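Engineer: Structure file start_6.txt, compact mmCIF, C-alpha atoms, is pasted below:
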```txt
# COMPACT_ATOMS: atom_id res chain seq x y z
CA MET A 13 -8.36 12.48 43.34
CA THR A 14 -8.94 9.09 41.73
CA ALA A 15 -11.96 8.96 39.44
CA ARG A 16 -14.77 6.68 40.62
CA VAL A 17 -16.50 4.70 37.88
CA GLY A 18 -19.63 2.77 38.77
CA VAL A 19 -20.22 -0.69 37.29
CA VAL A 20 -23.83 -1.80 37.50
CA THR A 21 -24.78 -5.38 38.31
CA PHE A 22 -28.15 -6.74 37.18
CA PRO A 23 -29.54 -10.22 37.92
CA GLY A 24 -27.55 -12.63 35.79
CA SER A 25 -24.71 -10.20 35.05
CA LEU A 26 -21.69 -11.91 33.56
CA ASP A 27 -19.25 -9.19 32.50
CA ASP A 28 -19.51 -6.80 35.45
CA LYS A 29 -16.32 -8.14 37.03
CA ASP A 30 -14.46 -7.85 33.73
CA ALA A 31 -15.64 -4.27 33.34
CA ALA A 32 -14.57 -3.43 36.89
CA ARG A 33 -11.13 -4.89 36.21
CA ALA A 34 -10.81 -2.82 33.04
CA VAL A 35 -11.73 0.30 35.01
CA ALA A 36 -9.05 -0.51 37.59
CA LEU A 37 -6.41 -1.25 34.95
CA ALA A 38 -7.09 2.16 33.42
CA GLY A 39 -6.36 3.78 36.77
CA ALA A 40 -9.84 4.53 38.13
CA GLU A 41 -11.63 3.16 41.18
CA PRO A 42 -14.41 0.73 40.22
CA VAL A 43 -17.54 1.11 42.36
CA SER A 44 -20.07 -1.71 42.42
CA LEU A 45 -23.65 -0.53 41.89
CA TRP A 46 -26.69 -2.76 42.39
CA HIS A 47 -29.57 -2.30 39.95
CA ALA A 48 -32.20 -2.22 42.69
CA ASP A 49 -30.60 0.65 44.60
CA ALA A 50 -31.67 4.10 43.40
CA ASP A 51 -28.30 5.56 44.36
CA LEU A 52 -25.33 6.21 42.07
CA ARG A 53 -23.14 6.74 45.15
CA GLY A 54 -21.64 9.90 43.73
CA VAL A 55 -19.67 8.17 40.96
CA ASP A 56 -18.09 10.21 38.17
CA ALA A 57 -19.14 7.86 35.36
CA VAL A 58 -21.04 4.59 34.89
CA VAL A 59 -20.53 1.40 32.89
CA LEU A 60 -23.55 -0.76 32.04
CA PRO A 61 -21.85 -4.10 31.32
CA GLY A 62 -23.10 -6.92 29.17
CA GLY A 63 -23.71 -10.58 29.69
CA PHE A 64 -26.97 -10.76 31.61
CA SER A 65 -30.45 -12.01 30.77
CA TYR A 66 -32.59 -9.92 33.13
CA GLY A 67 -35.99 -9.70 31.43
CA ASP A 68 -34.66 -10.81 28.05
CA TYR A 69 -37.74 -13.01 27.63
CA LEU A 70 -39.55 -9.78 26.75
CA ARG A 71 -36.84 -7.95 24.82
CA CYS A 72 -33.18 -7.44 25.64
CA GLY A 73 -32.82 -4.41 27.91
CA ALA A 74 -36.57 -3.77 28.10
CA ILE A 75 -37.02 -4.72 31.76
CA ALA A 76 -33.63 -3.52 32.98
CA ARG A 77 -34.42 0.07 31.99
CA PHE A 78 -37.03 0.14 34.79
CA ALA A 79 -34.48 -0.75 37.48
CA PRO A 80 -34.51 1.77 40.36
CA LEU A 81 -30.93 2.79 39.62
CA MET A 82 -31.99 3.96 36.16
CA SER A 83 -34.29 6.59 37.69
CA GLU A 84 -31.18 8.54 38.71
CA LEU A 85 -28.95 7.51 35.83
CA VAL A 86 -31.23 8.44 32.92
CA PRO A 87 -31.80 12.14 33.71
CA ALA A 88 -28.15 12.66 34.65
CA ALA A 89 -26.99 11.05 31.41
CA ARG A 90 -29.57 12.85 29.29
CA SER A 91 -28.40 16.23 30.62
CA GLY A 92 -24.85 15.50 29.51
CA ALA A 93 -23.54 15.57 33.08
CA LEU A 94 -22.97 11.83 33.60
CA PRO A 95 -20.77 9.81 31.21
CA VAL A 96 -22.25 6.35 30.58
CA LEU A 97 -20.83 3.45 28.60
CA GLY A 98 -23.20 0.62 27.66
CA ILE A 99 -21.64 -2.61 26.41
CA CYS A 100 -23.68 -5.36 24.70
CA ASN A 101 -26.78 -5.70 26.92
CA GLY A 102 -25.82 -2.30 28.33
CA PHE A 103 -26.12 -0.87 24.81
CA GLN A 104 -29.56 -2.45 24.55
CA ILE A 105 -30.60 -0.78 27.83
CA LEU A 106 -29.43 2.63 26.58
CA CYS A 107 -31.55 2.21 23.46
CA GLU A 108 -34.57 0.98 25.43
CA SER A 109 -34.18 3.97 27.78
CA HIS A 110 -34.10 6.32 24.77
CA LEU A 111 -30.69 7.63 25.73
CA LEU A 112 -29.52 6.38 22.33
CA PRO A 113 -31.51 5.99 19.11
CA GLY A 114 -32.24 2.72 17.36
CA ALA A 115 -32.56 -0.81 18.68
CA LEU A 116 -30.70 -4.12 18.79
CA THR A 117 -32.32 -7.16 17.17
CA ARG A 118 -31.47 -10.78 16.47
CA ASN A 119 -28.31 -11.37 14.47
CA SER A 120 -29.12 -11.79 10.79
CA SER A 121 -27.67 -15.31 10.94
CA LEU A 122 -30.01 -16.14 13.86
CA ARG A 123 -26.95 -17.57 15.56
CA PHE A 124 -24.87 -16.43 18.50
CA VAL A 125 -21.63 -14.80 17.35
CA ASN A 126 -18.45 -15.20 19.42
CA ARG A 127 -15.28 -13.99 17.74
CA GLU A 128 -12.42 -11.54 17.72
CA GLN A 129 -13.57 -8.47 15.84
CA THR A 130 -11.83 -5.52 14.22
CA LEU A 131 -13.49 -2.12 14.58
CA ARG A 132 -12.76 1.21 12.96
CA VAL A 133 -13.04 4.22 15.24
CA GLU A 134 -15.23 6.81 13.53
CA ASN A 135 -15.44 9.34 16.38
CA GLY A 136 -12.47 9.89 18.68
CA ALA A 137 -13.97 12.90 20.46
CA THR A 138 -16.48 11.31 22.86
CA ALA A 139 -16.02 10.87 26.59
CA TRP A 140 -15.24 7.20 25.97
CA THR A 141 -13.14 7.31 22.78
CA ASN A 142 -10.78 10.28 23.07
CA SER A 143 -7.78 7.95 23.49
CA TYR A 144 -8.26 6.82 19.89
CA THR A 145 -7.79 8.63 16.61
CA GLU A 146 -10.39 8.78 13.86
CA GLY A 147 -9.86 5.92 11.44
CA GLN A 148 -7.86 3.84 13.92
CA GLU A 149 -8.59 0.11 13.78
CA ILE A 150 -8.77 -1.84 17.02
CA LEU A 151 -9.22 -5.53 17.84
CA VAL A 152 -11.69 -6.51 20.57
CA VAL A 153 -14.16 -9.33 21.29
CA LEU A 154 -17.70 -9.68 19.97
CA LYS A 155 -20.17 -12.07 21.59
CA SER A 156 -23.87 -11.57 21.08
CA GLY A 157 -27.07 -13.15 19.85
CA GLU A 158 -29.05 -9.93 19.51
CA GLY A 159 -26.36 -7.58 18.24
CA SER A 160 -27.81 -6.29 14.99
CA TYR A 161 -28.15 -2.50 15.24
CA VAL A 162 -31.19 -1.16 13.41
CA ALA A 163 -32.77 2.25 12.92
CA ASP A 164 -34.82 3.96 10.22
CA GLU A 165 -33.03 5.62 7.32
CA ARG A 166 -33.64 9.14 8.62
CA THR A 167 -32.05 8.28 11.96
CA LEU A 168 -29.12 6.56 10.30
CA ASP A 169 -28.54 9.56 8.03
CA GLU A 170 -28.61 11.89 11.04
CA LEU A 171 -26.14 9.74 12.97
CA GLU A 172 -23.78 9.75 10.01
CA ALA A 173 -24.14 13.48 9.34
CA THR A 174 -23.55 14.49 12.96
CA GLY A 175 -20.61 12.17 13.62
CA ARG A 176 -22.49 10.06 16.12
CA VAL A 177 -21.40 6.71 14.71
CA VAL A 178 -18.60 5.85 17.15
CA VAL A 179 -17.26 2.54 15.86
CA ARG A 180 -17.97 0.44 12.79
CA TYR A 181 -17.30 -3.19 11.95
CA THR A 182 -14.55 -3.85 9.42
CA GLY A 183 -13.81 -7.00 7.45
CA GLY A 184 -17.49 -7.81 7.04
CA ASP A 185 -20.62 -7.23 9.11
CA PRO A 186 -20.83 -10.06 11.69
CA ASN A 187 -24.44 -9.60 12.78
CA GLY A 188 -26.32 -7.66 10.10
CA SER A 189 -26.08 -4.22 11.72
CA ARG A 190 -27.26 -1.40 9.47
CA ARG A 191 -24.32 0.30 7.77
CA GLY A 192 -21.94 -1.85 9.80
CA ILE A 193 -22.57 0.24 12.91
CA ALA A 194 -21.05 -1.26 16.07
CA GLY A 195 -21.56 1.70 18.40
CA VAL A 196 -23.17 5.14 18.61
CA THR A 197 -23.19 8.17 20.89
CA ASN A 198 -25.72 10.77 21.96
CA GLU A 199 -25.62 14.44 20.97
CA HIS A 200 -23.51 15.39 24.01
CA GLY A 201 -20.92 12.66 23.48
CA ASN A 202 -21.19 11.51 27.10
CA VAL A 203 -23.30 8.41 26.41
CA VAL A 204 -21.80 5.68 24.23
CA GLY A 205 -23.23 2.27 23.44
CA LEU A 206 -21.38 -0.48 21.64
CA MET A 207 -22.08 -4.13 20.99
CA PRO A 208 -18.50 -5.52 21.09
CA HIS A 209 -16.71 -6.03 24.41
CA PRO A 210 -13.66 -3.80 24.98
CA GLU A 211 -13.34 -5.11 28.56
CA HIS A 212 -12.21 -8.46 27.12
CA ALA A 213 -9.30 -6.79 25.31
CA VAL A 214 -7.41 -5.03 28.09
CA GLU A 215 -4.65 -7.53 28.92
CA ALA A 216 -2.32 -9.38 26.56
CA LEU A 217 -2.57 -12.55 28.66
CA THR A 218 -6.33 -12.97 28.32
CA GLY A 219 -7.45 -10.97 25.29
CA PRO A 220 -6.71 -10.75 21.58
CA SER A 221 -5.11 -7.32 22.21
CA THR A 222 -5.09 -4.47 24.71
CA ASP A 223 -6.95 -2.18 22.31
CA GLY A 224 -10.10 -2.11 24.43
CA LEU A 225 -8.36 -0.34 27.30
CA GLY A 226 -8.66 2.93 25.40
CA PHE A 227 -12.37 3.17 26.20
CA PHE A 228 -11.58 3.17 29.90
CA SER A 229 -8.53 5.45 29.75
CA SER A 230 -10.61 7.86 27.65
CA ILE A 231 -13.07 8.48 30.46
CA LEU A 232 -10.23 9.37 32.82
CA ALA A 233 -8.91 11.93 30.34
CA HIS A 234 -12.43 13.30 29.88
CA LEU A 235 -13.00 13.64 33.61
CA ALA A 236 -9.58 15.20 34.13
CA ALA A 237 -10.34 17.79 31.44
CA GLY A 238 -13.58 18.63 33.22
CA SER A 239 -15.40 19.62 30.05
CA PRO A 240 -18.16 18.02 27.97
CA ALA A 241 -17.14 15.75 25.10
CA ASN A 242 -17.65 17.02 21.61
CA ALA A 243 -19.60 14.38 19.69
```
I need this file expressed as C-alpha cells, please.
Structural biologist:
Amino acid sequence: MTARVGVVTFPGSLDDKDAARAVALAGAEPVSLWHADADLRGVDAVVLPGGFSYGDYLRCGAIARFAPLMSELVPAARSGALPVLGICNGFQILCESHLLPGALTRNSSLRFVNREQTLRVENGATAWTNSYTEGQEILVVLKSGEGSYVADERTLDELEATGRVVVRYTGGDPNGSRRGIAGVTNEHGNVVGLMPHPEHAVEALTGPSTDGLGFFSSILAHLAAGSPANA
C-alpha cells in the first residue's frame, strides 16, 4: 500500500505545493490538509511546509500552533506515533508547539537570506534522515528571515549529547544559529524540524541538487520498516 503523507496548508502558504511534489517524487501519495480542519485524514506522516506568514506579526509559528489541525497532530507526534517534518515556518511551529526545544529568531544579519546551502548530516537514524549517512554533506536551499536557532546552553548540550542535532550548517553559519544547528529532532526521532528547504532540491532541473529528496524517501523507508526511529 502506498504511504500517505499529509502536507498542511496554512493561510499564505507558499511551499506546500513544492512539498507535495517532493512527497510524490519520493513515491508516496501527498494528501492536502487544511489547517482549520481538525482531521489528519488517516495519513501516515505529516509535513509542515514553510513559506507562510500566518500570524507572523506576533511571532513566527505562534498563531499557527493553535490551528484546529494541531489539536490532533501534537499528541500523536508527541507519543512517537506520527512522523512529522517541519520545514522553515514548519520548524518554527514545532518549536512553538513544544514538540521541539528552542526557538527561531531573526537572522543575526537582520536580513533575509536566500542561497544554496551545504549541510552536514549529524543524525542519519531519524524517521526523516535514514537515507543519509552520518557526516554526509548535502546541498539544499536556504531562504529565511527568522532562521537563527537559539536555545539555552543546557538544552544545546543535551541535544549534542543525545544525538538530536540532525543537520548542521557547513562553510559558515548563514543566520547566526547557535552551534551552526540547522535542524533538530525529538527524543523519539519521529519529529524533525529544519530551517533549510529540502523540497527545493529534489529535481536537477529546478534545484541546486537532488540531495533534498532523501528526507522524503527516508520517511517511506521508516514507514515500511514499521518501527520507531532511533534518535
Engineer: In terms of the shortest atom-to-atom distance over only C-alpha atoms, which of A:Ile150, A:Ala57, A:Ala88, A:Ala173 is closest to Val214 (chain A)?
Structural biologist: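 Of the candidates, the smallest distance to Val214 (chain A) is held by A:Ile150.
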Engineer: What is the distance between CA of Ser221 (chain A) and CA of Glu149 (chain A), in Å to one decimal?
Structural biologist: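 That distance, rounded to one decimal, is 11.8 Å.
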Engineer: Which is closest to Glu158 (chain A) among A:Gly63, A:Gly18, A:Gly92, A:Pro113, if we use all atoms listed in the file?
Structural biologist: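 Ranking A:Gly63, A:Gly18, A:Gly92, A:Pro113 by distance to Glu158 (chain A), first place goes to A:Gly63.
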Engineer: Skip Gly39 (chain A) itself and residues of its chain fewer than 6 positions away, then list as a ChimeraX atom specification all residues within 12 Å of it, counting all atoms listed in the file.
Structural biologist: /A:13-17,32-33,225-226,228-233
Engineer: What separation in Å, quoted to one decimal, exists between CA of Ala79 (chain A) and CA of Arg118 (chain A)?
Structural biologist: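 Those two atoms sit 23.5 Å apart.
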